file my_file-v2.cif (mmCIF, C-alpha atoms)
data_coords
#
loop_
_atom_site.label_atom_id
_atom_site.label_comp_id
_atom_site.auth_asym_id
_atom_site.auth_seq_id
_atom_site.Cartn_x
_atom_site.Cartn_y
_atom_site.Cartn_z
CA MET A 257 44.45 -62.36 33.79
CA ASP A 258 47.93 -62.98 32.45
CA GLU A 259 50.29 -60.10 31.80
CA ASN A 260 49.40 -59.96 28.11
CA GLU A 261 45.72 -59.62 28.94
CA ILE A 262 46.54 -56.88 31.42
CA LEU A 263 48.59 -55.05 28.79
CA THR A 264 45.86 -55.44 26.15
CA ARG A 265 43.24 -54.11 28.54
CA SER A 266 45.48 -51.21 29.52
CA ILE A 267 46.07 -50.23 25.90
CA GLY A 268 42.36 -50.46 25.20
CA GLU A 269 41.34 -48.36 28.21
CA HIS A 270 43.95 -45.71 27.41
CA ALA A 271 42.76 -45.61 23.80
CA VAL A 272 39.10 -45.25 24.78
CA ASP A 273 39.90 -42.55 27.32
CA ALA A 274 42.07 -40.69 24.80
CA ILE A 275 39.38 -40.55 22.12
CA THR A 276 36.59 -40.39 24.79
CA ARG A 277 33.63 -42.74 24.99
CA GLU A 278 31.16 -40.26 23.59
CA ARG A 279 33.08 -40.04 20.34
CA LEU A 280 33.41 -43.77 19.87
CA HIS A 281 31.00 -46.30 18.42
CA SER A 282 33.39 -49.17 19.16
CA LEU A 283 37.06 -49.96 19.67
CA THR A 284 38.91 -53.25 19.66
CA VAL A 285 42.50 -53.96 20.62
CA THR A 286 44.09 -57.16 19.38
CA PHE A 287 47.51 -58.03 20.81
CA ASP A 288 49.66 -60.85 19.52
CA ALA A 289 52.11 -62.05 22.15
CA ARG A 290 54.28 -63.81 19.56
CA ASP A 291 55.74 -60.53 18.37
CA ALA A 292 54.08 -57.97 20.68
CA SER A 293 52.23 -56.52 17.70
CA CYS A 294 48.98 -54.76 18.42
CA THR A 295 46.15 -53.36 16.32
CA ILE A 296 43.72 -50.73 17.60
CA ALA A 297 40.68 -50.83 15.35
CA PHE A 298 37.95 -48.28 15.94
CA VAL A 299 34.67 -46.95 14.62
CA LEU A 300 33.84 -43.35 15.43
CA ALA A 301 30.41 -42.10 16.40
CA ASP A 302 30.98 -39.29 13.91
CA ASN A 303 33.21 -40.51 11.08
CA SER A 304 33.91 -37.03 9.77
CA ASP A 305 37.28 -35.97 8.45
CA ALA A 306 37.99 -33.79 11.48
CA GLU A 307 36.97 -36.46 13.98
CA GLN A 308 39.21 -39.02 12.31
CA LEU A 309 42.20 -36.71 12.53
CA ARG A 310 41.43 -35.87 16.15
CA ALA A 311 41.16 -39.54 17.09
CA ILE A 312 44.38 -40.44 15.29
CA ASP A 313 46.22 -37.60 17.00
CA LYS A 314 45.04 -38.82 20.41
CA LEU A 315 45.97 -42.42 19.62
CA LEU A 316 49.48 -41.42 18.60
CA ASP A 317 50.10 -40.39 22.21
CA VAL A 318 48.81 -43.80 23.37
CA GLN A 319 51.12 -45.47 20.86
CA MET A 320 54.13 -43.60 22.23
CA LEU A 321 53.10 -44.40 25.82
CA PHE A 322 53.26 -48.13 25.13
CA MET A 323 56.22 -47.96 22.75
CA ASP A 324 58.42 -50.24 24.85
CA GLU A 325 55.73 -52.88 25.34
CA ALA A 326 53.88 -53.18 22.04
CA SER A 327 54.20 -52.30 18.39
CA ILE A 328 50.86 -50.58 17.77
CA GLU A 329 49.13 -49.97 14.46
CA PHE A 330 45.74 -48.43 13.80
CA ARG A 331 42.76 -49.26 11.65
CA ILE A 332 39.63 -47.18 11.13
CA ASP A 333 36.67 -49.46 10.53
CA ASP A 334 33.35 -48.76 8.92
CA GLU A 335 30.30 -49.15 11.16
CA ALA A 336 28.32 -50.79 8.40
CA ASP A 337 31.06 -53.25 7.50
CA PRO A 338 33.42 -53.86 10.44
CA GLU A 339 36.46 -55.95 9.66
CA GLU A 340 36.75 -59.12 11.67
CA ALA A 341 39.97 -59.60 13.59
CA ALA A 342 42.20 -62.19 12.02
CA ASP A 343 42.88 -65.36 14.01
CA ARG A 344 40.51 -64.18 16.67
CA HIS A 345 40.81 -67.43 18.56
CA SER A 346 44.59 -67.76 18.28
CA ILE A 347 46.09 -68.84 21.56
CA SER A 348 48.73 -66.13 21.32
CA GLN A 349 46.23 -63.31 20.94
CA ARG A 350 44.48 -61.22 23.54
CA GLN A 351 41.63 -58.87 22.84
CA TYR A 352 39.88 -55.91 24.45
CA SER A 353 36.62 -54.52 23.15
CA PHE A 354 34.62 -51.38 23.83
CA ALA A 355 31.18 -50.86 22.34
CA MET B 44 72.22 -50.75 2.03
CA SER B 45 68.55 -50.95 1.08
CA PRO B 46 67.24 -48.91 -1.85
CA ALA B 47 65.31 -46.70 0.56
CA ALA B 48 68.43 -45.97 2.59
CA ASP B 49 70.22 -44.91 -0.62
CA ILE B 50 68.35 -41.60 -0.70
CA ARG B 51 70.34 -39.07 1.30
CA ASP B 52 69.72 -35.83 -0.56
CA ILE B 53 66.73 -33.52 -0.48
CA SER B 54 66.38 -33.11 -4.25
CA THR B 55 66.07 -36.86 -4.84
CA SER B 56 63.48 -37.20 -2.07
CA VAL B 57 61.47 -34.29 -3.45
CA SER B 58 61.69 -35.71 -6.96
CA ARG B 59 60.41 -39.08 -5.78
CA ALA B 60 57.62 -37.35 -3.85
CA LYS B 61 56.54 -35.56 -7.04
CA ASP B 62 56.65 -38.79 -9.06
CA HIS B 63 54.33 -40.54 -6.60
CA ALA B 64 52.07 -37.47 -6.33
CA LYS B 65 51.68 -37.33 -10.11
CA LEU B 66 50.49 -40.91 -10.25
CA ALA B 67 48.28 -40.40 -7.21
CA ALA B 68 46.61 -37.44 -8.95
CA VAL B 69 45.79 -39.50 -12.03
CA MET B 70 44.24 -42.21 -9.89
CA PHE B 71 42.42 -39.73 -7.63
CA ASP B 72 40.68 -38.41 -10.74
CA THR B 73 39.37 -41.87 -11.58
CA GLU B 74 38.64 -42.69 -7.91
CA GLN B 75 41.03 -45.61 -7.77
CA GLU B 76 41.85 -46.50 -4.16
CA TRP B 77 45.46 -47.38 -5.06
CA SER B 78 45.91 -43.60 -5.23
CA ALA B 79 46.11 -43.77 -1.43
CA VAL B 80 49.23 -45.92 -1.70
CA CYS B 81 50.91 -43.50 -4.10
CA GLY B 82 49.74 -40.60 -1.98
CA PHE B 83 51.27 -42.10 1.14
CA TYR B 84 54.61 -42.71 -0.54
CA SER B 85 54.65 -39.16 -1.86
CA ALA B 86 54.20 -38.01 1.73
CA TYR B 87 56.85 -40.48 2.87
CA HIS B 88 59.44 -38.90 0.59
CA LEU B 89 58.41 -35.38 1.63
CA ILE B 90 58.96 -36.38 5.24
CA ARG B 91 62.36 -37.85 4.40
CA ALA B 92 63.24 -34.58 2.68
CA SER B 93 62.07 -32.72 5.79
CA PHE B 94 64.35 -34.82 8.00
CA LEU B 95 67.28 -34.05 5.71
CA ALA B 96 66.52 -30.31 5.84
CA ASP B 97 65.63 -29.99 9.51
CA PRO B 98 68.48 -28.43 11.51
CA VAL B 99 67.20 -30.08 14.71
CA PHE B 100 69.10 -33.20 13.63
CA ASP B 101 72.33 -31.16 13.77
CA ASP B 102 71.71 -30.37 17.44
CA PRO B 103 72.13 -33.49 19.66
CA HIS B 104 71.55 -31.47 22.82
CA ARG B 105 68.23 -30.10 21.61
CA LEU B 106 67.19 -33.48 20.27
CA SER B 107 67.89 -35.09 23.63
CA LYS B 108 65.65 -32.52 25.33
CA ILE B 109 62.82 -33.49 23.00
CA SER B 110 63.38 -37.23 23.13
CA LEU B 111 66.19 -39.47 24.36
CA LYS B 112 65.25 -41.90 21.61
CA ILE B 113 65.89 -39.68 18.59
CA HIS B 114 69.47 -39.22 17.49
CA PRO B 115 71.18 -37.12 14.79
CA GLU B 116 71.71 -40.15 12.57
CA ASP B 117 67.94 -40.74 12.55
CA ARG B 118 67.65 -38.05 9.90
CA TYR B 119 68.56 -40.83 7.41
CA VAL B 120 66.07 -43.39 8.72
CA SER B 121 64.01 -45.08 6.01
CA LYS B 122 61.96 -47.70 7.87
CA HIS B 123 58.37 -46.85 8.69
CA SER B 124 58.26 -47.90 12.32
CA LYS B 125 60.41 -48.98 15.21
CA GLY B 126 59.20 -52.53 14.68
CA GLY B 127 59.40 -55.21 17.32
CA LEU B 128 60.41 -54.80 20.93
CA SER B 129 63.95 -55.95 20.18
CA SER B 130 64.45 -52.83 18.05
CA THR B 131 65.43 -49.70 19.93
CA SER B 132 65.67 -47.20 17.07
CA TYR B 133 62.68 -45.15 15.96
CA GLY B 134 61.20 -45.31 12.49
CA ILE B 135 59.77 -42.42 10.49
CA ASN B 136 56.33 -42.76 12.10
CA GLU B 137 57.67 -42.34 15.65
CA ILE B 138 59.90 -39.44 14.69
CA VAL B 139 57.04 -37.64 12.95
CA SER B 140 54.81 -38.28 15.96
CA THR B 141 57.40 -36.71 18.23
CA LEU B 142 58.77 -33.80 16.18
CA TYR B 143 55.99 -32.68 13.84
CA LEU B 144 52.83 -32.48 15.90
CA GLU B 145 50.97 -30.31 13.39
CA ILE B 146 51.06 -32.84 10.56
CA ARG B 147 51.44 -36.16 12.36
CA ALA B 148 47.75 -37.13 12.26
CA ARG B 149 47.51 -36.53 8.51
CA TYR B 150 50.68 -38.49 7.86
CA GLN B 151 49.42 -41.36 10.01
CA ARG B 152 46.05 -41.39 8.26
CA LEU B 153 47.80 -41.64 4.90
CA HIS B 154 49.74 -44.62 6.23
CA ILE B 155 46.56 -46.25 7.58
CA ALA B 156 44.84 -45.73 4.22
CA SER B 157 47.79 -47.19 2.34
CA ASN B 158 47.86 -50.26 4.59
CA THR B 159 44.09 -50.70 4.29
CA VAL B 160 44.34 -50.71 0.49
CA ARG B 161 47.35 -53.01 0.35
CA TYR B 162 46.59 -55.49 3.14
CA GLY B 163 42.98 -54.94 4.16
CA ARG B 164 39.63 -54.91 2.47
CA GLY B 165 40.04 -51.54 0.80
CA LEU B 166 39.03 -48.01 1.65
CA LYS B 167 35.73 -47.71 3.46
CA ALA B 168 35.90 -45.56 6.60
CA ILE B 169 38.63 -43.37 5.12
CA GLN B 170 37.42 -41.64 1.99
CA LEU B 171 39.56 -40.75 -1.00
CA PRO B 172 38.93 -36.98 -0.64
CA SER B 173 40.43 -37.21 2.89
CA VAL B 174 43.50 -38.94 1.51
CA GLN B 175 43.79 -36.30 -1.18
CA ALA B 176 43.43 -33.51 1.38
CA ASP B 177 46.07 -35.08 3.64
CA LEU B 178 48.60 -35.21 0.82
CA ALA B 179 47.72 -31.68 -0.29
CA GLU B 180 48.22 -30.30 3.21
CA LEU B 181 51.50 -32.14 3.74
CA THR B 182 52.74 -30.91 0.38
CA ARG B 183 51.69 -27.34 1.18
CA ALA B 184 53.36 -27.48 4.60
CA PHE B 185 56.56 -28.86 3.10
CA GLU B 186 56.72 -26.26 0.34
CA ALA B 187 56.07 -23.51 2.89
CA GLY B 188 58.98 -24.78 4.96
CA GLU B 189 56.71 -25.58 7.90
CA ILE B 190 57.77 -29.18 8.50
CA ILE B 191 60.72 -28.11 10.58
CA CYS B 192 61.01 -28.83 14.28
CA ALA B 193 63.30 -25.84 14.77
CA LEU B 194 60.38 -23.49 13.99
CA HIS B 195 58.75 -24.41 17.27
CA PRO B 196 60.85 -23.15 20.20
CA SER B 197 58.83 -25.09 22.77
CA ARG B 198 60.04 -28.36 21.27
#
call {"tool": "encode", "arguments": {"input": "my_file-v2.cif", "output": "structure tokens"}}
result
Amino acid sequence: MDENEILTRSIGEHAVDAITRERLHSLTVTFDARDASCTIAFVLADNSDAEQLRAIDKLLDVQMLFMDEASIEFRIDDEADPEEAADRHSISQRQYSFA
Amino acid sequence: MSPAADIRDISTSVSRAKDHAKLAAVMFDTEQEWSAVCGFYSAYHLIRASFLADPVFDDPHRLSKISLKIHPEDRYVSKHSKGGLSSTSYGINEIVSTLYLEIRARYQRLHIASNTVRYGRGLKAIQLPSVQADLAELTRAFEAGEIICALHPSR
């Protein structure tokens, strides 16, 4: 694995651990090495209002942890209609998935 | 100086927040997802007003104990995020995440919703009532004077 893959995996594992596996349906991290931008997209097992806020709060700590290595944004996806990652096969992108 | 950076007084920020909230309310009533964008920018201006009012920004020593990356001049920040790795200064999102733990998740969800409407495929996982509740809670907290770091001695 190159260093970008290691970073992507690390962000993903921290994000999954922060929210906890039991509360997640799926989580994907897409990292673009061109500008170190990163998107954490997730689907919750329980997509209630309270669970969304809890997950976001946990992910904000992950965001701050990796502040000097990646510019992280979040997206909450719908289980029935998950958004496909843009440029999934771009050479500059690395991806981590949990499902 | 960008238009956003022009706002350096609380009354103007609050006025802009109310303008956006008014439009958001009209669109909430007709279930238009663009209300999330207006709702977010209402919250954005409330947060900017909070920065201007918060005495923590007058105390460099206290700020440095909370974070070495937040400085007194950051009370005037207008950008959303720190941005790329070459940028060292925090944006509003990072400052809220660090100073205002009680409201940071709601503020972030409003931002996510706004981005989803503007750049994504529209609101699906985040529902309009959640957006409305987030703005209502942020507005309540602001009007109650609760969005102040100085209120929380542990920080």
call {"tool": "atom_distance", "arguments": {"input": "my_file-v2.cif", "atom1": "CA of Asn260 in chain A", "atom2": "CA of Phe287 in chain A"}}
result
7.8 Å
call {"tool": "residues_near_point", "arguments": {"input": "my_file-v2.cif", "point": "(41.8, -60.1, 27.6)", "cutoff": "10 Å", "atoms": "all atoms listed in the file", "output": "PDB file with C-alpha atoms, in the coordinates of the input"}}
result
ATOM      1  CA  MET A 257      44.450 -62.360  33.790  1.00  0.00           C
ATOM      2  CA  ASP A 258      47.930 -62.980  32.450  1.00  0.00           C
ATOM      3  CA  GLU A 259      50.290 -60.100  31.800  1.00  0.00           C
ATOM      4  CA  ASN A 260      49.400 -59.960  28.110  1.00  0.00           C
ATOM      5  CA  GLU A 261      45.720 -59.620  28.940  1.00  0.00           C
ATOM      6  CA  ILE A 262      46.540 -56.880  31.420  1.00  0.00           C
ATOM      7  CA  LEU A 263      48.590 -55.050  28.790  1.00  0.00           C
ATOM      8  CA  THR A 264      45.860 -55.440  26.150  1.00  0.00           C
ATOM      9  CA  ARG A 265      43.240 -54.110  28.540  1.00  0.00           C
ATOM     10  CA  SER A 266      45.480 -51.210  29.520  1.00  0.00           C
ATOM     11  CA  GLY A 268      42.360 -50.460  25.200  1.00  0.00           C
ATOM     12  CA  VAL A 285      42.500 -53.960  20.620  1.00  0.00           C
ATOM     13  CA  THR A 286      44.090 -57.160  19.380  1.00  0.00           C
ATOM     14  CA  PHE A 287      47.510 -58.030  20.810  1.00  0.00           C
ATOM     15  CA  GLN A 349      46.230 -63.310  20.940  1.00  0.00           C
ATOM     16  CA  ARG A 350      44.480 -61.220  23.540  1.00  0.00           C
ATOM     17  CA  GLN A 351      41.630 -58.870  22.840  1.00  0.00           C
ATOM     18  CA  TYR A 352      39.880 -55.910  24.450  1.00  0.00           C
ATOM     19  CA  SER A 353      36.620 -54.520  23.150  1.00  0.00           C
TER      20      SER A 353
END
call {"tool": "closest_residue", "arguments": {"input": "my_file-v2.cif", "among": "A:Phe330, A:Thr276, A:Asp324, A:Ser348", "to": "Lys112 in chain B", "atoms": "all atoms listed in the file"}}
result
A:Asp324
call {"tool": "interface_residues", "arguments": {"input": "my_file-v2.cif", "of": "chain B", "to": "chain A", "cutoff": "12 Å", "atoms": "all atoms listed in the file", "output": "count of residues only"}}
result
54
call {"tool": "atom_distance", "arguments": {"input": "my_file-v2.cif", "atom1": "CA of Asp117 in chain B", "atom2": "CA of Glu180 in chain B"}}
result
24.2 Å
call {"tool": "atom_distance", "arguments": {"input": "my_file-v2.cif", "atom1": "CA of Ala68 in chain B", "atom2": "CA of Thr182 in chain B"}}
result
12.9 Å
call {"tool": "residues_around", "arguments": {"input": "my_file-v2.cif", "residues": "Cys192 in chain B", "least_positions_apart": "3", "cutoff": "7 Å", "atoms": "only C-alpha atoms", "output": "VMD selection string"}}
result
chain B and resid 97 99 142 to 143 195
call {"tool": "resolve_selection", "arguments": {"input": "my_file-v2.cif", "expression": "the PyMOL selection byres ((chain A and resi 281) around 9)", "output": "ChimeraX atom specification"}}
result
/A:277-280,282-283,298-302,335,354-355
call {"tool": "closest_residue", "arguments": {"input": "my_file-v2.cif", "among": "B:Arg51, B:Phe185, B:Met70, B:Arg59", "to": "Ser121 in chain B", "atoms": "only C-alpha atoms"}}
result
B:Arg51
call {"tool": "axis_aligned_box", "arguments": {"input": "my_file-v2.cif", "around": "range 294-302 of chain A", "padding_each_side": "8 Å", "output": "JSON"}}
result
{"center_x": 39.7, "center_y": -47.0, "center_z": 16.2, "size_x": 34.6, "size_y": 31.5, "size_z": 20.5}
call {"tool": "resolve_selection", "arguments": {"input": "my_file-v2.cif", "expression": "the PyMOL selection byres ((chain B and resi 56) around 9)", "output": "list in words"}}
result
Ile50, Arg51, Asp52, Ile53, Ser54, Thr55, Val57, Ser58, Arg59, Ala60, Lys61, Tyr87, His88, Leu89, Ile90, Arg91 and Ala92 of chain B
call {"tool": "closest_residue", "arguments": {"input": "my_file-v2.cif", "among": "B:Ser85, B:Asp49, B:His63, B:Ala79", "to": "Tyr119 in chain B", "atoms": "all atoms listed in the file"}}
result
B:Asp49
call {"tool": "resolve_selection", "arguments": {"input": "my_file-v2.cif", "expression": "the PyMOL selection byres ((chain B and resi 115) around 9)", "output": "list of chain:residue names"}}
result
B:Val99, B:Phe100, B:Asp101, B:Asp102, B:Pro103, B:Leu106, B:Ile113, B:His114, B:Glu116, B:Asp117, B:Arg118, B:Tyr119
